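Structure file run_12.txt; described as compact mmCIF, C-alpha atoms and all ligand atoms.
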# COMPACT_ATOMS: atom_id res chain seq x y z
CA MET P 475 -148.42 19.83 79.31
CA VAL P 476 -149.12 16.46 77.76
CA LYS P 477 -148.92 13.66 80.28
CA LYS P 478 -146.58 10.81 79.36
CA LEU P 479 -148.16 7.46 80.18
CA GLU P 480 -146.72 3.97 79.76
CA GLN P 481 -144.24 3.03 77.06
CA MET P 482 -145.96 1.29 74.20
CA TYR P 483 -143.03 0.46 71.96
CA GLU P 484 -139.26 0.75 71.79
CA GLY P 485 -137.54 0.72 68.41
CA LYS P 486 -133.90 1.08 67.42
CA ALA P 487 -133.90 4.87 67.48
CA LYS P 488 -137.09 5.89 69.28
CA LYS P 489 -139.45 5.06 72.11
CA VAL P 490 -143.19 5.65 71.89
CA PHE P 491 -145.39 6.46 74.90
CA ARG P 492 -149.15 6.64 75.31
CA THR P 493 -150.80 9.88 76.43
CA GLU P 494 -154.18 10.58 77.97
CA ASN P 495 -155.50 11.17 74.45
CA PRO P 496 -155.85 7.77 72.74
CA ASP P 497 -155.12 9.40 69.34
CA LEU P 498 -151.83 11.00 70.37
CA TYR P 499 -148.43 9.56 71.30
CA LEU P 500 -145.15 10.95 72.56
CA VAL P 501 -142.07 9.94 70.60
CA ASP P 502 -138.75 10.03 72.42
CA TYR P 503 -135.64 10.10 70.21
CA LYS P 504 -132.67 8.04 71.46
CA ASP P 505 -128.93 8.43 70.90
CA ASP P 506 -128.62 4.74 69.93
CA ALA P 507 -127.45 4.10 66.39
CA THR P 508 -127.71 0.85 64.47
CA ALA P 509 -126.83 -0.08 60.91
CA PHE P 510 -126.84 -3.11 58.63
CA ASN P 511 -130.09 -4.46 60.07
CA GLY P 512 -128.87 -4.09 63.66
CA GLU P 513 -125.46 -5.76 63.15
CA LYS P 514 -123.53 -2.58 63.88
CA ARG P 515 -124.45 -0.78 67.08
CA GLY P 516 -123.28 2.35 68.83
CA THR P 517 -124.37 5.69 70.16
CA ILE P 518 -124.03 9.11 68.63
CA ALA P 519 -123.87 11.84 71.29
CA ASP P 520 -127.04 13.94 71.33
CA LYS P 521 -128.32 12.35 68.10
CA GLY P 522 -131.77 12.09 69.69
CA TYR P 523 -131.84 15.83 70.22
CA TYR P 524 -130.66 16.71 66.71
CA ASN P 525 -132.90 14.21 64.92
CA ASN P 526 -135.94 15.41 66.84
CA GLN P 527 -135.21 19.06 66.08
CA ILE P 528 -134.32 18.44 62.42
CA SER P 529 -137.45 16.31 61.92
CA ALA P 530 -139.61 19.00 63.51
CA LEU P 531 -138.20 21.71 61.21
CA LEU P 532 -138.74 19.54 58.12
CA PHE P 533 -142.20 18.28 59.10
CA ALA P 534 -143.29 21.91 59.63
CA GLU P 535 -142.06 22.83 56.13
CA LEU P 536 -143.81 19.82 54.60
CA GLU P 537 -147.07 20.78 56.33
CA LYS P 538 -146.73 24.28 54.84
CA ALA P 539 -146.38 22.62 51.43
CA GLY P 540 -149.64 20.71 52.01
CA ILE P 541 -148.20 17.33 53.00
CA PRO P 542 -149.88 15.82 56.05
CA THR P 543 -147.42 14.62 58.72
CA HIS P 544 -147.91 12.98 62.09
CA MET P 545 -146.28 15.85 63.99
CA VAL P 546 -148.59 17.73 66.36
CA GLU P 547 -145.92 19.68 68.23
CA LEU P 548 -142.43 19.61 69.62
CA THR P 549 -142.80 18.96 73.36
CA GLY P 550 -139.19 18.71 74.45
CA ASP P 551 -135.57 18.51 73.40
CA ARG P 552 -135.91 14.90 72.35
CA GLU P 553 -139.66 14.56 72.42
CA MET P 554 -142.42 15.14 69.86
CA LEU P 555 -146.19 14.77 70.18
CA VAL P 556 -147.56 12.85 67.20
CA LYS P 557 -150.81 11.47 65.84
CA GLY P 558 -151.21 7.73 66.26
CA LEU P 559 -150.82 5.91 62.95
CA GLU P 560 -151.66 2.51 61.67
CA ILE P 561 -148.22 2.02 60.10
CA ILE P 562 -148.00 0.82 56.50
CA GLN P 563 -145.36 -1.91 56.54
CA LEU P 564 -143.30 -0.38 53.74
CA GLU P 565 -140.25 1.84 53.65
CA VAL P 566 -140.54 4.31 50.80
CA VAL P 567 -137.09 5.27 49.50
CA VAL P 568 -136.64 8.16 47.06
CA ARG P 569 -133.31 8.68 45.27
CA ASN P 570 -131.82 11.50 43.21
CA ILE P 571 -128.22 10.29 43.11
CA ALA P 572 -126.92 6.71 43.10
CA ALA P 573 -125.56 5.61 46.48
CA GLY P 574 -125.71 2.70 48.90
CA SER P 575 -127.78 -0.29 47.85
CA LEU P 576 -128.91 1.20 44.51
CA ALA P 577 -125.30 1.83 43.44
CA LYS P 578 -124.54 -1.78 44.28
CA ARG P 579 -127.67 -3.26 42.67
CA LEU P 580 -127.36 -1.38 39.37
CA GLY P 581 -123.56 -1.21 39.24
CA PHE P 582 -123.58 2.61 39.23
CA GLU P 583 -120.73 4.49 40.82
CA GLU P 584 -121.74 6.39 43.96
CA GLY P 585 -122.47 9.98 43.07
CA ARG P 586 -123.92 9.34 39.60
CA LYS P 587 -126.88 11.63 39.12
CA LEU P 588 -130.04 9.74 38.21
CA PRO P 589 -131.99 11.11 35.19
CA PHE P 590 -135.15 11.28 37.33
CA ALA P 591 -136.11 10.50 40.91
CA VAL P 592 -136.39 6.78 41.61
CA VAL P 593 -138.97 5.51 44.13
CA GLU P 594 -138.52 2.11 45.77
CA PHE P 595 -140.48 0.11 48.32
CA TYR P 596 -138.94 -2.12 50.97
CA TYR P 597 -141.03 -4.49 53.05
CA LYS P 598 -140.56 -3.70 56.76
CA ASP P 599 -139.55 -7.06 58.22
CA ASP P 600 -136.31 -7.32 60.20
CA SER P 601 -136.23 -11.11 59.95
CA LEU P 602 -136.17 -10.81 56.14
CA GLY P 603 -133.73 -7.86 56.20
CA ASP P 604 -136.31 -5.41 54.77
CA PRO P 605 -136.29 -6.73 51.16
CA LEU P 606 -136.89 -4.57 48.09
CA VAL P 607 -140.40 -5.41 46.83
CA ASN P 608 -142.36 -4.61 43.69
CA ASP P 609 -146.06 -3.89 43.30
CA SER P 610 -146.98 -7.57 42.90
CA HIS P 611 -144.99 -8.54 45.99
CA ILE P 612 -146.75 -5.81 47.94
CA ALA P 613 -150.13 -7.08 46.72
CA VAL P 614 -149.49 -10.70 47.71
CA LEU P 615 -148.08 -9.57 51.06
CA GLY P 616 -151.18 -7.44 51.54
CA ALA P 617 -148.92 -4.60 52.68
CA ALA P 618 -150.84 -1.92 50.73
CA GLN P 619 -153.60 -1.58 48.17
CA PRO P 620 -152.68 -0.61 44.57
CA GLU P 621 -154.38 2.77 44.97
CA GLU P 622 -152.40 3.37 48.17
CA LEU P 623 -149.16 2.73 46.27
CA VAL P 624 -150.15 5.46 43.83
CA VAL P 625 -150.55 7.86 46.76
CA LEU P 626 -147.25 6.75 48.35
CA ARG P 627 -145.35 7.33 45.08
CA GLU P 628 -146.94 10.75 44.60
CA LEU P 629 -146.25 11.80 48.18
CA GLY P 630 -142.66 10.49 47.98
CA LEU P 631 -141.98 12.55 44.86
CA LYS P 632 -143.67 15.66 46.23
CA ILE P 633 -141.74 15.40 49.50
CA ASN P 634 -138.58 14.98 47.44
CA ARG P 635 -139.20 18.27 45.63
CA VAL P 636 -139.88 20.16 48.86
CA LEU P 637 -136.88 18.69 50.67
CA GLN P 638 -134.51 19.12 47.71
CA ASP P 639 -135.34 22.81 47.64
CA ILE P 640 -134.83 23.30 51.40
CA MET P 641 -131.58 21.34 51.45
CA ALA P 642 -130.23 23.21 48.41
CA ARG P 643 -130.78 26.48 50.28
CA ALA P 644 -128.68 24.96 53.08
CA GLY P 645 -125.92 24.01 50.60
CA ILE P 646 -126.79 20.33 50.86
CA GLU P 647 -127.45 17.82 48.09
CA LEU P 648 -130.36 15.50 48.91
CA VAL P 649 -128.98 12.19 47.63
CA ASP P 650 -131.69 9.82 48.90
CA PHE P 651 -133.99 9.28 51.87
CA LYS P 652 -136.43 6.86 53.47
CA LEU P 653 -140.01 7.65 54.50
CA GLU P 654 -142.63 5.76 56.47
CA PHE P 655 -146.33 6.40 56.21
CA GLY P 656 -149.38 5.35 58.14
CA LYS P 657 -153.11 5.81 58.19
CA HIS P 658 -154.85 8.16 60.59
CA LYS P 659 -158.64 8.29 60.38
CA GLY P 660 -158.42 6.86 56.85
CA GLU P 661 -155.90 9.39 55.54
CA ILE P 662 -152.33 8.44 54.53
CA ILE P 663 -149.93 10.67 56.42
CA LEU P 664 -146.17 10.88 56.81
CA GLY P 665 -144.79 9.34 60.00
CA ASP P 666 -141.44 8.38 61.52
CA GLU P 667 -138.64 10.95 61.13
CA ILE P 668 -136.63 12.83 58.52
CA SER P 669 -133.08 13.21 59.75
CA PRO P 670 -129.45 12.40 58.95
CA ASP P 671 -130.32 8.86 60.12
CA THR P 672 -132.80 8.41 57.28
CA CYS P 673 -131.36 10.59 54.52
CA ARG P 674 -128.10 10.93 52.62
CA PHE P 675 -126.95 14.54 52.71
CA TRP P 676 -123.82 15.63 50.85
CA ASP P 677 -122.23 19.04 51.18
CA MET P 678 -122.75 20.72 47.80
CA GLU P 679 -119.28 22.26 47.76
CA THR P 680 -117.03 19.61 49.25
CA GLY P 681 -119.11 16.47 48.77
CA ALA P 682 -118.59 15.69 52.48
CA LYS P 683 -121.12 13.24 53.90
CA LEU P 684 -123.35 14.88 56.54
CA ASP P 685 -125.38 11.83 57.56
CA LYS P 686 -125.40 8.36 59.09
CA ASP P 687 -122.96 7.03 56.48
CA ARG P 688 -120.28 8.62 58.72
CA PHE P 689 -121.32 6.06 61.37
CA ARG P 690 -121.98 3.17 58.95
CA ARG P 691 -118.60 3.59 57.24
CA ASP P 692 -116.55 4.70 60.29
CA LEU P 693 -115.69 8.06 58.74
CA GLY P 694 -115.43 9.93 62.07
CA LYS P 695 -116.93 13.33 62.95
CA VAL P 696 -120.38 11.76 63.20
CA GLU P 697 -121.91 14.11 65.82
CA GLU P 698 -120.42 17.09 64.00
CA ALA P 699 -122.32 16.16 60.84
CA TYR P 700 -125.70 16.05 62.64
CA ILE P 701 -124.97 19.40 64.30
CA GLU P 702 -123.93 20.92 60.96
CA VAL P 703 -127.19 19.87 59.28
CA TYR P 704 -129.26 21.26 62.15
CA GLN P 705 -127.42 24.58 62.22
CA ARG P 706 -127.68 25.07 58.46
CA LEU P 707 -131.40 24.28 58.48
CA GLN P 708 -132.02 26.62 61.39
CA LYS P 709 -130.32 29.38 59.42
CA VAL P 710 -132.35 28.90 56.21
CA LEU P 711 -135.69 28.15 57.89
CA LYS P 712 -135.72 31.10 60.29
N1 LIG P 801 -132.55 4.01 54.95
C1 LIG P 801 -133.10 4.10 56.22
N2 LIG P 801 -133.42 2.96 56.90
C2 LIG P 801 -133.22 1.73 56.38
C3 LIG P 801 -132.66 1.62 55.09
C4 LIG P 801 -132.34 2.78 54.40
O1 LIG P 801 -133.33 5.20 56.72
O2 LIG P 801 -133.54 0.73 57.05
C5 LIG P 801 -132.22 5.24 54.20
C6 LIG P 801 -130.71 5.45 54.07
O3 LIG P 801 -130.25 6.28 55.11
C7 LIG P 801 -130.59 6.13 52.74
C8 LIG P 801 -131.77 5.56 51.92
O4 LIG P 801 -132.70 5.07 52.87
O5 LIG P 801 -130.76 7.53 52.88
C9 LIG P 801 -131.39 4.48 50.95
O6 LIG P 801 -130.67 3.48 51.64
P1 LIG P 801 -130.02 2.25 50.86
O7 LIG P 801 -131.09 1.42 50.27
O8 LIG P 801 -128.97 2.74 49.94
O9 LIG P 801 -129.43 1.33 51.98
P2 LIG P 801 -128.09 1.41 52.82
O10 LIG P 801 -126.98 1.61 51.87
O11 LIG P 801 -128.31 2.54 53.77
O12 LIG P 801 -128.07 0.07 53.50
In structure tokens, how does this file's structure come out?
Ligand code: UDP
Amino acid sequence: MVKKLEQMYEGKAKKVFRTENPDLYLVDYKDDATAFNGEKRGTIADKGYYNNQISALLFAELEKAGIPTHMVELTGDREMLVKGLEIIQLEVVVRNIAAGSLAKRLGFEEGRKLPFAVVEFYYKDDSLGDPLVNDSHIAVLGAAQPEELVVLRELGLKINRVLQDIMARAGIELVDFKLEFGKHKGEIILGDEISPDTCRFWDMETGAKLDKDRFRRDLGKVEEAYIEVYQRLQKVLK
């Protein structure tokens, strides 16, 4: 049993606790949901449980595909033991289909298939509303080195291929998703979570949204969508 020590950090969706090992932390997934940079708030019943379990399944698959992640092991229903990371202050978004802010920015209708995967970087700063940034912006901000951006793009695209394949087996279209990375002993590894909070998942047959857009857009059946994703993944990843 890993001993949970004091809380180190509380974010919108997770709490992080120290352990007796200075390199390892316990992440506790909450049911709290926020959207639009914290303007919309609510809770989604048992979201913490489903996001923790879904992330664990996907991190394990990514590890099998050779992508380093921060997950050490699942330690509870809503709790995961992870490696401590020096977080890179960028959100890496990968998109296969136009939706959300890209649809708006480029004037594409939601659902338009992109000819190739698009990778974007957003600077993690709530007070600025996490702006989209290009390589020069990232350089002047000092958020990452040019050679690190090369690695982030490569990892984003590789993770996209692995996740697209898994989700397709579960009858789900991977529309887009957000990743966060950090450095652990000099190596860039995947952190944060991969869940319906951070991805757009559309049912391949019906087009139904199985992700946080149900909360953002008040579409109802929010919990049901998270449960559906978890159950389908459990089935295909057995
Ligand atoms: N996303 C996220 N956290 C953020 C912003 C975006 O997890 O702070 C995810 C979002 O769920 C979607 C993808 O990144 O899967 C692209 O989001 P987009 O830029 O379209 O922004 P949104 O429309 O969600 O505001």
List every residue of region 483-520 of chain P that has an atom at most 12 Å from any atom of region 558-564 of chain P, and for each one report the closest atom pair and its distance in Å to one decimal, counting only C-alpha atoms, with rows sorted by chain and then by increasing residue number, as CSV.
residue,atom,partner,partner_atom,distance
P:Val490,CA,P:Gly558,CA,10.0
P:Phe491,CA,P:Gly558,CA,10.5
P:Arg492,CA,P:Gly558,CA,9.3
P:Thr493,CA,P:Gly558,CA,10.4
P:Asn495,CA,P:Gly558,CA,9.9
P:Pro496,CA,P:Gly558,CA,8.0
P:Asp497,CA,P:Gly558,CA,5.3
P:Leu498,CA,P:Gly558,CA,5.3
P:Tyr499,CA,P:Gly558,CA,6.0
P:Leu500,CA,P:Gly558,CA,9.3
P:Val501,CA,P:Gly558,CA,10.4
Same residues, C-alpha atoms, output as a compact mmCIF listing (two decimals), in the coordinates of the input:
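Printed below is out.txt as written:
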# COMPACT_ATOMS: atom_id res chain seq x y z
CA VAL P 490 -143.19 5.65 71.89
CA PHE P 491 -145.39 6.46 74.90
CA ARG P 492 -149.15 6.64 75.31
CA THR P 493 -150.80 9.88 76.43
CA ASN P 495 -155.50 11.17 74.45
CA PRO P 496 -155.85 7.77 72.74
CA ASP P 497 -155.12 9.40 69.34
CA LEU P 498 -151.83 11.00 70.37
CA TYR P 499 -148.43 9.56 71.30
CA LEU P 500 -145.15 10.95 72.56
CA VAL P 501 -142.07 9.94 70.60
Selection near Asp671 (chain P), 12 Å with only C-alpha atoms, sequence-local residues under 5 positions removed, as a ChimeraX atom specification: /P:486-488,503-509,518,521-522,524-526,528-529,650-653,666,683-690,696-697,699-700,703
Residues from the last selection, C-alpha atoms, saved as a PDB file, keeping the file's coordinate frame:
ATOM      1  CA  LYS P 486    -133.900   1.080  67.420  1.00  0.00           C
ATOM      2  CA  ALA P 487    -133.900   4.870  67.480  1.00  0.00           C
ATOM      3  CA  LYS P 488    -137.090   5.890  69.280  1.00  0.00           C
ATOM      4  CA  TYR P 503    -135.640  10.100  70.210  1.00  0.00           C
ATOM      5  CA  LYS P 504    -132.670   8.040  71.460  1.00  0.00           C
ATOM      6  CA  ASP P 505    -128.930   8.430  70.900  1.00  0.00           C
ATOM      7  CA  ASP P 506    -128.620   4.740  69.930  1.00  0.00           C
ATOM      8  CA  ALA P 507    -127.450   4.100  66.390  1.00  0.00           C
ATOM      9  CA  THR P 508    -127.710   0.850  64.470  1.00  0.00           C
ATOM     10  CA  ALA P 509    -126.830  -0.080  60.910  1.00  0.00           C
ATOM     11  CA  ILE P 518    -124.030   9.110  68.630  1.00  0.00           C
ATOM     12  CA  LYS P 521    -128.320  12.350  68.100  1.00  0.00           C
ATOM     13  CA  GLY P 522    -131.770  12.090  69.690  1.00  0.00           C
ATOM     14  CA  TYR P 524    -130.660  16.710  66.710  1.00  0.00           C
ATOM     15  CA  ASN P 525    -132.900  14.210  64.920  1.00  0.00           C
ATOM     16  CA  ASN P 526    -135.940  15.410  66.840  1.00  0.00           C
ATOM     17  CA  ILE P 528    -134.320  18.440  62.420  1.00  0.00           C
ATOM     18  CA  SER P 529    -137.450  16.310  61.920  1.00  0.00           C
ATOM     19  CA  ASP P 650    -131.690   9.820  48.900  1.00  0.00           C
ATOM     20  CA  PHE P 651    -133.990   9.280  51.870  1.00  0.00           C
ATOM     21  CA  LYS P 652    -136.430   6.860  53.470  1.00  0.00           C
ATOM     22  CA  LEU P 653    -140.010   7.650  54.500  1.00  0.00           C
ATOM     23  CA  ASP P 666    -141.440   8.380  61.520  1.00  0.00           C
ATOM     24  CA  LYS P 683    -121.120  13.240  53.900  1.00  0.00           C
ATOM     25  CA  LEU P 684    -123.350  14.880  56.540  1.00  0.00           C
ATOM     26  CA  ASP P 685    -125.380  11.830  57.560  1.00  0.00           C
ATOM     27  CA  LYS P 686    -125.400   8.360  59.090  1.00  0.00           C
ATOM     28  CA  ASP P 687    -122.960   7.030  56.480  1.00  0.00           C
ATOM     29  CA  ARG P 688    -120.280   8.620  58.720  1.00  0.00           C
ATOM     30  CA  PHE P 689    -121.320   6.060  61.370  1.00  0.00           C
ATOM     31  CA  ARG P 690    -121.980   3.170  58.950  1.00  0.00           C
ATOM     32  CA  VAL P 696    -120.380  11.760  63.200  1.00  0.00           C
ATOM     33  CA  GLU P 697    -121.910  14.110  65.820  1.00  0.00           C
ATOM     34  CA  ALA P 699    -122.320  16.160  60.840  1.00  0.00           C
ATOM     35  CA  TYR P 700    -125.700  16.050  62.640  1.00  0.00           C
ATOM     36  CA  VAL P 703    -127.190  19.870  59.280  1.00  0.00           C
TER      37      VAL P 703
END
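Relative to CA of Glu667 (chain P), CA of Glu537 (chain P) is found at 13.8 Å.
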Which residues of chain P sit at most 10 Å from ligand LIG 801 (chain P), using all atoms listed in the file? Give each one's shortest atom pair and distance in Å (one decimal place), in chain and ascending residue order, as a Markdown table.
| residue | atom | partner | partner_atom | distance |
| --- | --- | --- | --- | --- |
| P:Thr508 | CA | P:LIG801 | O2 | 9.4 |
| P:Ala509 | CA | P:LIG801 | O12 | 7.5 |
| P:Phe510 | CA | P:LIG801 | O12 | 6.2 |
| P:Asn511 | CA | P:LIG801 | O2 | 6.9 |
| P:Gly512 | CA | P:LIG801 | O2 | 9.4 |
| P:Glu565 | CA | P:LIG801 | C2 | 7.5 |
| P:Val566 | CA | P:LIG801 | O4 | 8.1 |
| P:Val567 | CA | P:LIG801 | O4 | 5.5 |
| P:Val568 | CA | P:LIG801 | C8 | 7.4 |
| P:Arg569 | CA | P:LIG801 | C9 | 7.3 |
| P:Ala572 | CA | P:LIG801 | O8 | 8.2 |
| P:Ala573 | CA | P:LIG801 | O8 | 5.6 |
| P:Gly574 | CA | P:LIG801 | O10 | 3.4 |
| P:Ser575 | CA | P:LIG801 | O8 | 3.9 |
| P:Leu576 | CA | P:LIG801 | O8 | 5.6 |
| P:Ala577 | CA | P:LIG801 | O8 | 7.5 |
| P:Lys578 | CA | P:LIG801 | O8 | 8.5 |
| P:Arg579 | CA | P:LIG801 | O8 | 9.5 |
| P:Glu594 | CA | P:LIG801 | O7 | 8.7 |
| P:Phe595 | CA | P:LIG801 | O7 | 9.7 |
| P:Tyr596 | CA | P:LIG801 | C3 | 8.4 |
| P:Tyr597 | CA | P:LIG801 | O2 | 10.0 |
| P:Lys598 | CA | P:LIG801 | O2 | 8.3 |
| P:Asp599 | CA | P:LIG801 | O2 | 9.9 |
| P:Asp600 | CA | P:LIG801 | O2 | 9.1 |
| P:Gly603 | CA | P:LIG801 | O2 | 8.6 |
| P:Asp604 | CA | P:LIG801 | O2 | 7.1 |
| P:Pro605 | CA | P:LIG801 | O7 | 9.7 |
| P:Leu606 | CA | P:LIG801 | O7 | 8.6 |
| P:Leu648 | CA | P:LIG801 | O5 | 8.9 |
| P:Val649 | CA | P:LIG801 | O5 | 7.2 |
| P:Asp650 | CA | P:LIG801 | O5 | 4.7 |
| P:Phe651 | CA | P:LIG801 | O5 | 3.8 |
| P:Lys652 | CA | P:LIG801 | O4 | 4.2 |
| P:Leu653 | CA | P:LIG801 | O1 | 7.5 |
| P:Glu654 | CA | P:LIG801 | O1 | 9.3 |
| P:Asp666 | CA | P:LIG801 | O1 | 9.9 |
| P:Glu667 | CA | P:LIG801 | O1 | 9.0 |
| P:Ile668 | CA | P:LIG801 | O1 | 8.5 |
| P:Ser669 | CA | P:LIG801 | O1 | 8.6 |
| P:Pro670 | CA | P:LIG801 | O3 | 7.3 |
| P:Asp671 | CA | P:LIG801 | O3 | 5.6 |
| P:Thr672 | CA | P:LIG801 | O1 | 3.3 |
| P:Cys673 | CA | P:LIG801 | O5 | 3.5 |
| P:Arg674 | CA | P:LIG801 | O5 | 4.3 |
| P:Phe675 | CA | P:LIG801 | O5 | 8.0 |
| P:Asp685 | CA | P:LIG801 | O3 | 7.8 |
| P:Lys686 | CA | P:LIG801 | O3 | 6.6 |
| P:Asp687 | CA | P:LIG801 | O3 | 7.5 |
| P:Arg690 | CA | P:LIG801 | O11 | 8.2 |
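Coordinates place CA of Leu711 (chain P) at a distance of 19.4 Å from CA of Gly550 (chain P).
For the choices P:Val625, P:Ile701, P:Leu707, P:Val593, the atom-to-atom distance to Arg643 (chain P) is smallest for P:Leu707 when using all atoms listed in the file.
Pairwise distance (CA of Val546 (chain P), CA of Glu621 (chain P)) equals 26.7 Å.
Using all atoms listed in the file, the nearest neighbour of Gln638 (chain P) within the list P:Gln705, P:Gln619, P:Asn570, P:Ser610 is P:Asn570.
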9 Å contact set for Leu548 (chain P), all atoms listed in the file, chain neighbours under 6 positions out, as a VMD selection string: chain P and resid 526 to 527 530 554 to 556
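Considering the residues P:Glu647, P:Asp551, P:Asp639, P:Asp677 and counting all atoms listed in the file, Leu532 (chain P) has its shortest atom-to-atom contact with P:Asp639.
Closest to Ala617 (chain P) among P:Trp676, P:Ala591, P:Arg515, P:Gly656 is P:Gly656, based on only C-alpha atoms.
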Counting only C-alpha atoms, the option among P:Met482, P:Ala519, P:Ile662, P:Ile571 closest to Gly630 (chain P): P:Ile662
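Shortest separation to Glu702 (chain P) among P:Leu479, P:Pro589, P:Glu484, P:Ile646 occurs at residue P:Ile646, atoms counted being all atoms listed in the file.
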